[in-house]
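> This is target.txt, which holds compact mmCIF, C-alpha atoms:
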```txt
# COMPACT_ATOMS: atom_id res chain seq x y z
CA MET A 1 0.00 0.00 0.00
CA ALA A 2 1.36 3.43 -0.92
CA LYS A 3 2.67 5.65 1.85
CA SER A 4 0.70 8.85 2.33
CA MET A 5 2.32 12.28 2.36
CA LEU A 6 1.16 15.55 3.91
CA ILE A 7 2.62 18.71 2.43
CA ILE A 8 2.44 21.72 4.70
CA SER A 9 2.84 25.01 2.84
CA ARG A 10 3.75 27.96 5.10
CA GLN A 11 5.08 30.57 2.72
CA ALA A 12 3.25 33.58 1.33
CA PRO A 13 2.61 33.41 -2.42
CA TRP A 14 4.99 36.08 -3.67
CA ALA A 15 7.82 35.58 -1.18
CA GLY A 16 9.91 33.72 -3.75
CA PRO A 17 9.43 30.36 -5.45
CA ALA A 18 8.71 28.41 -2.22
CA ALA A 19 4.92 28.45 -2.57
CA ARG A 20 5.06 27.31 -6.20
CA GLU A 21 7.69 24.67 -5.48
CA ALA A 22 5.54 23.24 -2.64
CA LEU A 23 2.62 23.04 -5.06
CA ASP A 24 4.84 21.32 -7.60
CA ILE A 25 5.62 18.58 -5.08
CA ALA A 26 1.88 18.06 -4.59
CA LEU A 27 1.12 18.05 -8.32
CA ALA A 28 3.96 15.61 -9.04
CA GLY A 29 2.68 13.25 -6.36
CA GLY A 30 -0.86 13.58 -7.67
CA ALA A 31 0.33 12.74 -11.17
CA PHE A 32 1.68 9.45 -9.76
CA GLU A 33 -1.67 8.88 -8.00
CA LEU A 34 -0.07 8.88 -4.57
CA PRO A 35 -2.17 9.54 -1.47
CA LEU A 36 -1.47 13.17 -0.68
CA ALA A 37 -2.92 15.95 1.38
CA MET A 38 -2.00 19.60 1.50
CA LEU A 39 -2.28 21.97 4.45
CA PHE A 40 -1.92 25.74 4.22
CA LEU A 41 -0.53 27.12 7.48
CA ASP A 42 0.80 30.50 8.72
CA ASP A 43 1.49 32.84 5.79
CA GLY A 44 0.72 29.93 3.45
CA VAL A 45 -2.96 30.82 3.85
CA PHE A 46 -2.29 33.97 1.83
CA GLN A 47 -1.89 31.73 -1.22
CA LEU A 48 -5.64 31.17 -1.01
CA SER A 49 -6.84 34.73 -0.82
CA SER A 50 -8.90 35.90 -3.74
CA GLU A 51 -8.44 39.22 -5.54
CA GLN A 52 -4.72 38.73 -6.04
CA ARG A 53 -3.10 40.36 -9.06
CA PRO A 54 0.35 38.80 -9.38
CA GLN A 55 0.82 40.44 -12.78
CA ALA A 56 1.52 43.63 -10.79
CA VAL A 57 4.83 42.05 -9.67
CA GLN A 58 5.28 40.26 -12.98
CA GLN A 59 4.57 36.83 -11.53
CA LYS A 60 2.49 33.95 -12.85
CA ASN A 61 -0.80 33.37 -11.14
CA LEU A 62 -0.61 30.53 -8.62
CA SER A 63 -4.34 29.99 -8.75
CA ALA A 64 -4.09 27.92 -11.94
CA ASN A 65 -1.74 25.52 -10.11
CA LEU A 66 -3.97 25.55 -7.04
CA GLN A 67 -7.07 24.78 -9.12
CA ALA A 68 -5.11 21.94 -10.75
CA LEU A 69 -4.69 20.13 -7.42
CA PRO A 70 -8.07 18.36 -7.48
CA MET A 71 -7.59 17.59 -11.18
CA PHE A 72 -4.33 15.83 -10.28
CA GLY A 73 -6.14 13.84 -7.61
CA VAL A 74 -5.03 15.98 -4.66
CA GLU A 75 -8.43 16.58 -3.13
CA GLN A 76 -7.53 16.62 0.53
CA LEU A 77 -6.91 20.32 0.94
CA TYR A 78 -6.83 21.91 4.35
CA VAL A 79 -6.23 25.30 5.85
CA SER A 80 -5.42 26.27 9.43
CA ALA A 81 -8.35 28.03 11.06
CA SER A 82 -6.11 29.85 13.52
CA SER A 83 -3.78 31.07 10.73
CA LEU A 84 -6.84 32.42 8.89
CA ASN A 85 -8.16 34.10 12.04
CA GLN A 86 -4.82 35.72 12.85
CA ARG A 87 -4.83 37.23 9.38
CA GLY A 88 -8.48 38.24 9.29
CA LEU A 89 -9.28 35.84 6.45
CA ARG A 90 -12.50 33.86 6.21
CA ALA A 91 -12.58 30.16 5.39
CA ASP A 92 -15.61 30.66 3.16
CA ALA A 93 -14.00 33.43 1.13
CA LEU A 94 -10.96 31.57 -0.20
CA ALA A 95 -9.97 31.00 -3.80
CA LEU A 96 -9.80 27.24 -3.23
CA ALA A 97 -12.17 24.88 -1.43
CA ALA A 98 -9.99 23.92 1.55
CA LYS A 99 -11.35 22.56 4.81
CA ALA A 100 -10.52 24.69 7.84
CA LEU A 101 -8.99 22.69 10.71
CA ASP A 102 -8.29 23.69 14.28
CA ASP A 103 -4.94 22.91 15.87
CA ARG A 104 -6.03 19.61 17.34
CA GLU A 105 -7.41 18.44 13.99
CA ILE A 106 -4.12 19.43 12.38
CA ALA A 107 -2.23 17.30 14.93
CA GLU A 108 -4.45 14.38 13.91
CA LEU A 109 -3.89 15.10 10.23
CA VAL A 110 -0.11 14.96 10.76
CA SER A 111 -0.48 11.78 12.79
CA HIS A 112 -2.49 10.07 10.03
CA HIS A 113 0.11 10.57 7.30
CA ASP A 114 3.21 8.43 6.82
CA GLN A 115 5.45 11.28 5.68
CA VAL A 116 5.34 15.05 6.19
CA ILE A 117 7.16 17.87 4.42
CA THR A 118 6.80 21.43 5.73
CA LEU A 119 7.90 24.07 3.26
CA MET B 1 -1.28 7.09 17.30
CA SER B 2 1.59 7.84 14.97
CA THR B 3 4.30 10.09 16.43
CA THR B 4 6.36 12.88 14.91
CA LEU B 5 9.81 14.27 15.64
CA HIS B 6 9.68 17.98 14.81
CA LEU B 7 12.98 19.39 13.59
CA LEU B 8 13.39 23.11 14.15
CA SER B 9 16.32 25.15 12.87
CA HIS B 10 15.25 28.81 13.08
CA SER B 11 15.66 31.19 15.99
CA PRO B 12 12.39 31.41 17.93
CA PHE B 13 12.94 35.13 18.46
CA GLY B 14 11.15 36.89 15.63
CA ASP B 15 10.15 33.70 13.82
CA THR B 16 6.90 31.80 14.16
CA ARG B 17 8.03 28.27 13.41
CA GLN B 18 8.45 27.15 17.03
CA ASP B 19 5.08 28.60 17.99
CA SER B 20 3.31 26.98 15.06
CA CYS B 21 5.09 23.70 15.76
CA LEU B 22 4.01 23.62 19.39
CA ARG B 23 0.41 24.51 18.45
CA ILE B 24 0.00 21.61 16.07
CA ALA B 25 2.22 19.02 17.73
CA GLY B 26 0.57 15.86 19.01
CA PRO B 27 0.82 14.76 22.66
CA GLU B 28 3.33 11.98 21.90
CA ASP B 29 5.55 14.08 19.62
CA ALA B 30 9.02 15.48 20.37
CA VAL B 31 11.04 18.50 19.33
CA LEU B 32 14.66 18.53 18.18
CA LEU B 33 16.34 21.93 18.18
CA SER B 34 19.16 22.44 15.69
CA GLY B 35 20.92 25.43 14.14
CA GLU B 36 19.51 28.75 15.31
CA ALA B 37 16.58 27.05 17.04
CA VAL B 38 18.86 26.18 20.00
CA TYR B 39 18.52 29.79 21.13
CA ALA B 40 15.19 28.59 22.53
CA LEU B 41 17.28 27.05 25.33
CA LEU B 42 17.93 30.47 26.88
CA SER B 43 16.20 29.84 30.19
CA ALA B 44 15.11 33.42 30.76
CA GLY B 45 13.38 33.60 27.39
CA GLU B 46 9.76 33.19 26.43
CA PRO B 47 10.47 30.44 23.86
CA TRP B 48 11.96 28.29 26.62
CA ARG B 49 8.90 28.82 28.79
CA ARG B 50 6.67 27.74 25.89
CA LEU B 51 8.76 24.65 25.20
CA GLN B 52 8.52 23.63 28.84
CA SER B 53 4.74 24.22 28.94
CA SER B 54 4.27 22.03 25.89
CA GLY B 55 5.24 18.98 27.93
CA LEU B 56 7.01 17.53 24.90
CA PRO B 57 10.46 15.95 25.13
CA VAL B 58 13.07 18.47 23.95
CA TYR B 59 16.28 17.40 22.24
CA ALA B 60 19.07 19.69 21.09
CA LEU B 61 21.87 19.10 18.60
CA GLU B 62 24.97 19.28 20.75
CA GLU B 63 27.28 20.94 18.21
CA ASP B 64 24.87 23.86 17.82
CA VAL B 65 24.51 24.34 21.59
CA LEU B 66 28.30 24.34 22.03
CA ALA B 67 28.93 26.64 19.07
CA ARG B 68 26.68 29.30 20.57
CA GLY B 69 27.99 29.03 24.13
CA LEU B 70 24.61 27.91 25.41
CA GLU B 71 23.68 25.45 28.09
CA ALA B 72 21.04 22.80 27.96
CA GLY B 73 19.09 22.94 31.19
CA PRO B 74 17.42 20.00 32.91
CA GLY B 75 14.78 18.40 30.75
CA VAL B 76 16.77 18.83 27.53
CA THR B 77 18.64 15.91 26.02
CA MET B 78 21.67 16.78 23.90
CA VAL B 79 22.25 14.58 20.88
CA ASP B 80 25.17 14.00 18.58
CA TYR B 81 24.62 12.83 14.98
CA PRO B 82 24.41 9.08 15.73
CA ALA B 83 21.83 9.83 18.44
CA PHE B 84 20.02 12.15 16.00
CA VAL B 85 19.73 9.25 13.54
CA ARG B 86 18.44 6.94 16.26
CA LEU B 87 15.93 9.58 17.34
CA THR B 88 14.46 9.76 13.83
CA LEU B 89 13.77 6.05 14.14
CA THR B 90 12.24 6.31 17.61
CA TYR B 91 9.43 8.46 16.24
CA ASP B 92 7.28 7.36 13.32
CA LYS B 93 8.18 10.28 11.10
CA VAL B 94 10.21 13.48 10.95
CA ASN B 95 8.69 16.89 10.19
CA SER B 96 11.35 19.46 9.36
CA TRP B 97 10.13 23.04 9.71
CA LEU B 98 12.03 24.41 6.72
CA MET C 1 16.38 0.95 7.89
CA LYS C 2 16.02 3.02 4.74
CA PHE C 3 16.37 6.78 4.64
CA ALA C 4 15.53 9.31 1.95
CA LEU C 5 17.09 12.74 2.45
CA ALA C 6 15.79 15.90 0.80
CA ILE C 7 18.16 18.86 0.78
CA PHE C 8 16.66 22.27 0.15
CA ALA C 9 19.52 24.61 1.11
CA PRO C 10 22.64 25.81 -0.73
CA ALA C 11 26.22 24.85 0.05
CA HIS C 12 26.94 27.75 2.41
CA ALA C 13 23.80 27.16 4.50
CA PRO C 14 24.29 25.47 7.88
CA SER C 15 21.51 23.02 7.08
CA SER C 16 23.41 21.63 4.10
CA ARG C 17 26.38 20.80 6.33
CA ARG C 18 24.00 19.31 8.92
CA ALA C 19 22.40 17.17 6.20
CA LEU C 20 25.85 15.96 5.17
CA ARG C 21 26.82 15.04 8.73
CA PHE C 22 23.43 13.35 9.20
CA ALA C 23 23.90 11.36 5.98
CA GLU C 24 27.33 10.20 7.17
CA ALA C 25 25.84 9.15 10.52
CA VAL C 26 23.01 7.24 8.80
CA LEU C 27 25.56 5.18 6.89
CA ALA C 28 27.88 4.78 9.89
CA GLU C 29 24.93 3.41 11.91
CA GLY C 30 24.55 0.74 9.23
CA HIS C 31 21.43 2.09 7.55
CA GLU C 32 20.78 2.66 3.86
CA ILE C 33 20.22 5.93 2.00
CA VAL C 34 17.84 5.12 -0.83
CA ARG C 35 18.22 8.56 -2.40
CA LEU C 36 19.53 12.06 -1.86
CA PHE C 37 17.17 14.53 -3.51
CA PHE C 38 18.35 18.10 -4.05
CA TYR C 39 15.46 20.55 -4.53
CA ARG C 40 14.98 24.32 -4.46
CA ASP C 41 18.24 26.01 -3.38
CA GLY C 42 19.57 22.56 -2.54
CA VAL C 43 20.69 22.25 -6.14
CA TYR C 44 23.51 24.65 -5.26
CA SER C 45 24.78 22.21 -2.63
CA VAL C 46 26.16 19.94 -5.31
CA SER C 47 27.18 22.53 -7.87
CA GLY C 48 30.69 22.09 -9.17
CA SER C 49 30.75 25.80 -10.00
CA VAL C 50 30.82 26.79 -6.33
CA ILE C 51 34.26 27.90 -5.23
CA SER C 52 34.74 27.79 -1.47
CA PRO C 53 37.33 29.99 0.21
CA GLN C 54 40.40 27.96 1.11
CA ASP C 55 39.89 28.33 4.85
CA GLU C 56 36.27 27.11 4.68
CA LEU C 57 34.64 23.75 4.18
CA ASP C 58 34.07 22.77 0.58
CA ILE C 59 30.53 21.42 1.02
CA PRO C 60 29.79 20.60 -2.64
CA LEU C 61 33.04 18.65 -2.77
CA GLN C 62 32.10 16.78 0.41
CA TRP C 63 28.64 15.94 -0.95
CA ARG C 64 30.10 14.65 -4.20
CA ALA C 65 32.75 12.65 -2.33
CA LEU C 66 30.08 11.03 -0.10
CA ILE C 67 27.97 10.19 -3.14
CA GLU C 68 30.90 8.65 -4.99
CA ARG C 69 32.38 6.82 -2.00
CA HIS C 70 29.10 5.06 -1.18
CA GLY C 71 27.62 4.86 -4.68
CA LEU C 72 24.58 6.82 -3.52
CA ASP C 73 21.61 7.57 -5.74
CA ALA C 74 21.71 11.38 -5.96
CA VAL C 75 19.12 13.30 -7.91
CA VAL C 76 18.99 17.02 -8.58
CA CYS C 77 15.52 18.33 -9.43
CA ILE C 78 15.77 19.46 -13.02
CA ALA C 79 13.20 22.28 -12.81
CA ALA C 80 14.87 23.76 -9.70
CA ALA C 81 18.31 23.34 -11.28
CA LEU C 82 17.45 25.04 -14.56
CA ARG C 83 15.84 27.97 -12.78
CA ARG C 84 19.04 28.41 -10.77
CA GLY C 85 21.51 27.84 -13.58
CA VAL C 86 22.84 24.53 -12.31
CA LEU C 87 23.22 22.67 -15.57
CA ASN C 88 24.65 19.41 -16.73
CA ALA C 89 26.30 19.10 -20.15
CA GLU C 90 23.07 18.05 -21.84
CA GLU C 91 21.04 21.00 -20.56
CA ALA C 92 23.88 23.47 -21.16
CA GLN C 93 23.96 22.24 -24.75
CA ARG C 94 20.17 22.35 -25.09
CA TYR C 95 19.92 25.92 -23.87
CA GLN C 96 23.26 27.03 -25.32
CA ARG C 97 24.72 28.11 -21.99
CA ALA C 98 28.41 28.23 -21.17
CA GLY C 99 28.58 26.71 -17.69
CA VAL C 100 28.30 23.06 -16.70
CA SER C 101 27.83 22.70 -12.93
CA VAL C 102 26.76 19.15 -12.38
CA SER C 103 27.74 15.80 -13.84
CA ALA C 104 27.52 12.06 -13.19
CA PRO C 105 26.95 10.37 -10.85
CA LEU C 106 24.46 13.16 -10.06
CA GLU C 107 21.38 13.04 -12.28
CA LEU C 108 18.96 15.79 -13.20
CA SER C 109 15.44 14.45 -12.93
CA GLY C 110 11.91 15.27 -11.84
CA LEU C 111 10.00 15.47 -8.57
CA GLY C 112 8.70 11.97 -9.22
CA GLN C 113 12.09 10.79 -7.93
CA LEU C 114 11.42 12.49 -4.58
CA HIS C 115 8.09 10.72 -4.33
CA GLU C 116 9.59 7.38 -5.32
CA ALA C 117 12.24 7.82 -2.62
CA ALA C 118 9.56 8.72 -0.06
CA GLN C 119 7.72 5.51 -0.96
CA LEU C 120 10.85 3.36 -0.65
CA ALA C 121 12.16 4.86 2.56
CA ASP C 122 11.24 4.18 6.16
CA ARG C 123 12.09 7.80 6.97
CA LEU C 124 12.09 10.93 4.83
CA VAL C 125 14.20 13.67 6.46
CA SER C 126 14.39 17.16 4.95
CA PHE C 127 17.06 19.79 5.58
CA GLY C 128 16.89 23.42 4.61
CA GLY C 129 15.11 26.69 5.20
CA ASP C 130 18.21 28.81 5.79
```
Would you mind writing the file out in structure tokens?


Amino acid sequence: MAKSMLIISRQAPWAGPAAREALDIALAGGAFELPLAMLFLDDGVFQLSSEQRPQAVQQKNLSANLQALPMFGVEQLYVSASSLNQRGLRADALALAAKALDDREIAELVSHHDQVITL
Amino acid sequence: MSTTLHLLSHSPFGDTRQDSCLRIAGPEDAVLLSGEAVYALLSAGEPWRRLQSSGLPVYALEEDVLARGLEAGPGVTMVDYPAFVRLTLTYDKVNSWL
Amino acid sequence: MKFALAIFAPAHAPSSRRALRFAEAVLAEGHEIVRLFFYRDGVYSVSGSVISPQDELDIPLQWRALIERHGLDAVVCIAAALRRGVLNAEEAQRYQRAGVSVSAPLELSGLGQLHEAAQLADRLVSFGGD
């Protein structure tokens, strides 16, 4: 049985290539049909805010890659409720359908996966 | 319940990784401080207080503690590289807070 | 036990040296390293174009020596490498660039190799962030 991997993405979208490169790990795993989940934590939640215009800093839009996650079979998408709250973001106003988890649920999520990478 | 060894390597002063780690860590997890994260061992500091309150076992990479002239107080286990390897096998997985 | 190591930091970063020392300890303890995967700035950790000052550790040299001494499977993520100008002869030729920074036994390949290593290994340990 395939080992499951949780990818925790903590970086803000335009803070360098980290956010994109975390997504690439998820998409690559999805392409191989591996059991994967992705959690957006800390500034990583900013990747999910709507109304972003990355063209203003001459960057490619991440939202195409984010929308591709379910298409690549990565459907388990989560976001930290406390990270959202700290930043005044609402779980129901995100650019991607991610389930908001509290800290205890996140601990369980980590516990349920065989491997974890936090980027 | 599957357990995780959390590997920290950033200074807890002015960085949120240790705080986030302690918030989402499970009750059977442990923390290994390496690199700049060993500054959390400063006993008068807030990060040390938070580590102690977490109730999690705290390990520290010995070379990093020595390099910075720090001391590991009671309740901290110093590890060398062979012990670091063994520690990664004691817990079910390793989560490095990059 | 089987280990997969992912290195995300460049040669001059403390975490690259820590990863190297950890890798040595894994082997000394009698375990196996199924793959070393260099991603993001980690591609710089094995770049032959890095010139270390004489009174400092030559980390890329030490990584390459470890890989050669133990016949380790070492993969450099091709997308991360291209973006950072860490090229092998084939890619330098393809893109008509002057510098070759990486060669056999290191291979340029995709993220699928990281996932394969994660599937094969008992432990996946990542180093980087600095």

> Using all atoms listed in the file, find the residues of chain B whose closest atom to chain C is at most 12 Å away, then write them as a VMD selection string.

chain B and resid 4 to 11 17 34 to 37 61 to 64 79 to 98

> Please produce an output containing C-alpha atoms for each residue in the selection, written as a PDB file, in the frame of the given file.


```pdb
ATOM      1  CA  THR B   4       6.360  12.880  14.910  1.00  0.00           C
ATOM      2  CA  LEU B   5       9.810  14.270  15.640  1.00  0.00           C
ATOM      3  CA  HIS B   6       9.680  17.980  14.810  1.00  0.00           C
ATOM      4  CA  LEU B   7      12.980  19.390  13.590  1.00  0.00           C
ATOM      5  CA  LEU B   8      13.390  23.110  14.150  1.00  0.00           C
ATOM      6  CA  SER B   9      16.320  25.150  12.870  1.00  0.00           C
ATOM      7  CA  HIS B  10      15.250  28.810  13.080  1.00  0.00           C
ATOM      8  CA  SER B  11      15.660  31.190  15.990  1.00  0.00           C
ATOM      9  CA  ARG B  17       8.030  28.270  13.410  1.00  0.00           C
ATOM     10  CA  SER B  34      19.160  22.440  15.690  1.00  0.00           C
ATOM     11  CA  GLY B  35      20.920  25.430  14.140  1.00  0.00           C
ATOM     12  CA  GLU B  36      19.510  28.750  15.310  1.00  0.00           C
ATOM     13  CA  ALA B  37      16.580  27.050  17.040  1.00  0.00           C
ATOM     14  CA  LEU B  61      21.870  19.100  18.600  1.00  0.00           C
ATOM     15  CA  GLU B  62      24.970  19.280  20.750  1.00  0.00           C
ATOM     16  CA  GLU B  63      27.280  20.940  18.210  1.00  0.00           C
ATOM     17  CA  ASP B  64      24.870  23.860  17.820  1.00  0.00           C
ATOM     18  CA  VAL B  79      22.250  14.580  20.880  1.00  0.00           C
ATOM     19  CA  ASP B  80      25.170  14.000  18.580  1.00  0.00           C
ATOM     20  CA  TYR B  81      24.620  12.830  14.980  1.00  0.00           C
ATOM     21  CA  PRO B  82      24.410   9.080  15.730  1.00  0.00           C
ATOM     22  CA  ALA B  83      21.830   9.830  18.440  1.00  0.00           C
ATOM     23  CA  PHE B  84      20.020  12.150  16.000  1.00  0.00           C
ATOM     24  CA  VAL B  85      19.730   9.250  13.540  1.00  0.00           C
ATOM     25  CA  ARG B  86      18.440   6.940  16.260  1.00  0.00           C
ATOM     26  CA  LEU B  87      15.930   9.580  17.340  1.00  0.00           C
ATOM     27  CA  THR B  88      14.460   9.760  13.830  1.00  0.00           C
ATOM     28  CA  LEU B  89      13.770   6.050  14.140  1.00  0.00           C
ATOM     29  CA  THR B  90      12.240   6.310  17.610  1.00  0.00           C
ATOM     30  CA  TYR B  91       9.430   8.460  16.240  1.00  0.00           C
ATOM     31  CA  ASP B  92       7.280   7.360  13.320  1.00  0.00           C
ATOM     32  CA  LYS B  93       8.180  10.280  11.100  1.00  0.00           C
ATOM     33  CA  VAL B  94      10.210  13.480  10.950  1.00  0.00           C
ATOM     34  CA  ASN B  95       8.690  16.890  10.190  1.00  0.00           C
ATOM     35  CA  SER B  96      11.350  19.460   9.360  1.00  0.00           C
ATOM     36  CA  TRP B  97      10.130  23.040   9.710  1.00  0.00           C
ATOM     37  CA  LEU B  98      12.030  24.410   6.720  1.00  0.00           C
TER      38      LEU B  98
END
```

> Give me, as a Markdown table, the closest atom pair and its distance (Å, one decimal) for every residue of chain A within a cut-off of 7 Å of chain C, counting only C-alpha atoms, rows sorted by chain and rising number.


```
| residue | atom | partner | partner_atom | distance |
| --- | --- | --- | --- | --- |
| A:Ala2 | CA | C:Gln119 | CA | 6.7 |
| A:Lys3 | CA | C:Gln119 | CA | 5.8 |
| A:Ile25 | CA | C:Leu111 | CA | 6.4 |
| A:Ala28 | CA | C:Gly112 | CA | 6.0 |
| A:Gly29 | CA | C:His115 | CA | 6.3 |
| A:Gln115 | CA | C:Leu124 | CA | 6.7 |
```

> May I have the selected residues written with C-alpha atoms, as a PDB file, in the coordinates of the input?


```pdb
ATOM      1  CA  ALA A   2       1.360   3.430  -0.920  1.00  0.00           C
ATOM      2  CA  LYS A   3       2.670   5.650   1.850  1.00  0.00           C
ATOM      3  CA  ILE A  25       5.620  18.580  -5.080  1.00  0.00           C
ATOM      4  CA  ALA A  28       3.960  15.610  -9.040  1.00  0.00           C
ATOM      5  CA  GLY A  29       2.680  13.250  -6.360  1.00  0.00           C
ATOM      6  CA  GLN A 115       5.450  11.280   5.680  1.00  0.00           C
TER       7      GLN A 115
END
```

> Residues within 6 Å of Ala74 (chain C), please, as a list in words. Count all atoms listed in the file; anything in the same chain fewer than 3 positions from it doesn't count.

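That gives Arg35, Leu36 and Leu106 of chain C.
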
> Could you save those same residues with C-alpha atoms as a CSV table (one decimal), keeping the file's coordinate frame?


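What ended up in again_32.csv:
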```csv
chain,number,residue,atom,x,y,z
C,35,ARG,CA,18.2,8.6,-2.4
C,36,LEU,CA,19.5,12.1,-1.9
C,106,LEU,CA,24.5,13.2,-10.1
```

> Residues of chain A near chain B: apply a cut-off of 9 Å, count all atoms listed in the file, and supply the list as a list in words.

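Close enough to count are Leu41, Asp42, Asp102, Asp103, Arg104, Glu105, Ile106, Ala107, Glu108, Val110, Ser111, His112, His113, Asp114, Gln115, Val116, Ile117, Thr118 and Leu119 of chain A.
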
> Quick one: pull the distance between CA of Leu72 (chain C) and CA of Pro105 (chain C), Å, one decimal.

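About the pair CA of Leu72 (chain C) and CA of Pro105 (chain C): they are 8.5 Å apart.
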
> Return the single residue from A:Gln58, A:Ser9, A:Ser63, A:Gln52 that is closest to Ala97 (chain A), with distances computed using only C-alpha atoms.

A:Ser63

> Provide the CA of Leu101 (chain A) to CA of Ala81 (chain A) distance in Å, to one decimal place.

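CA of Ala81 (chain A) lies 5.4 Å from CA of Leu101 (chain A).
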
> Name the residues in contact with Pro60 (chain C) at a cut-off of 8 Å, using all atoms listed in the file, excluding same-chain residues fewer than 4 positions from it; report them as a list in words.

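Counting only the stated atoms, we get Ala11, Tyr44, Ser45, Val46, Ser47, Gly48, Val50 and Arg64 of chain C.
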
> Rounded to one decimal place, report the CA of Gly45 (chain B)-CA of Tyr59 (chain B) distance in Å.

17.2 Å
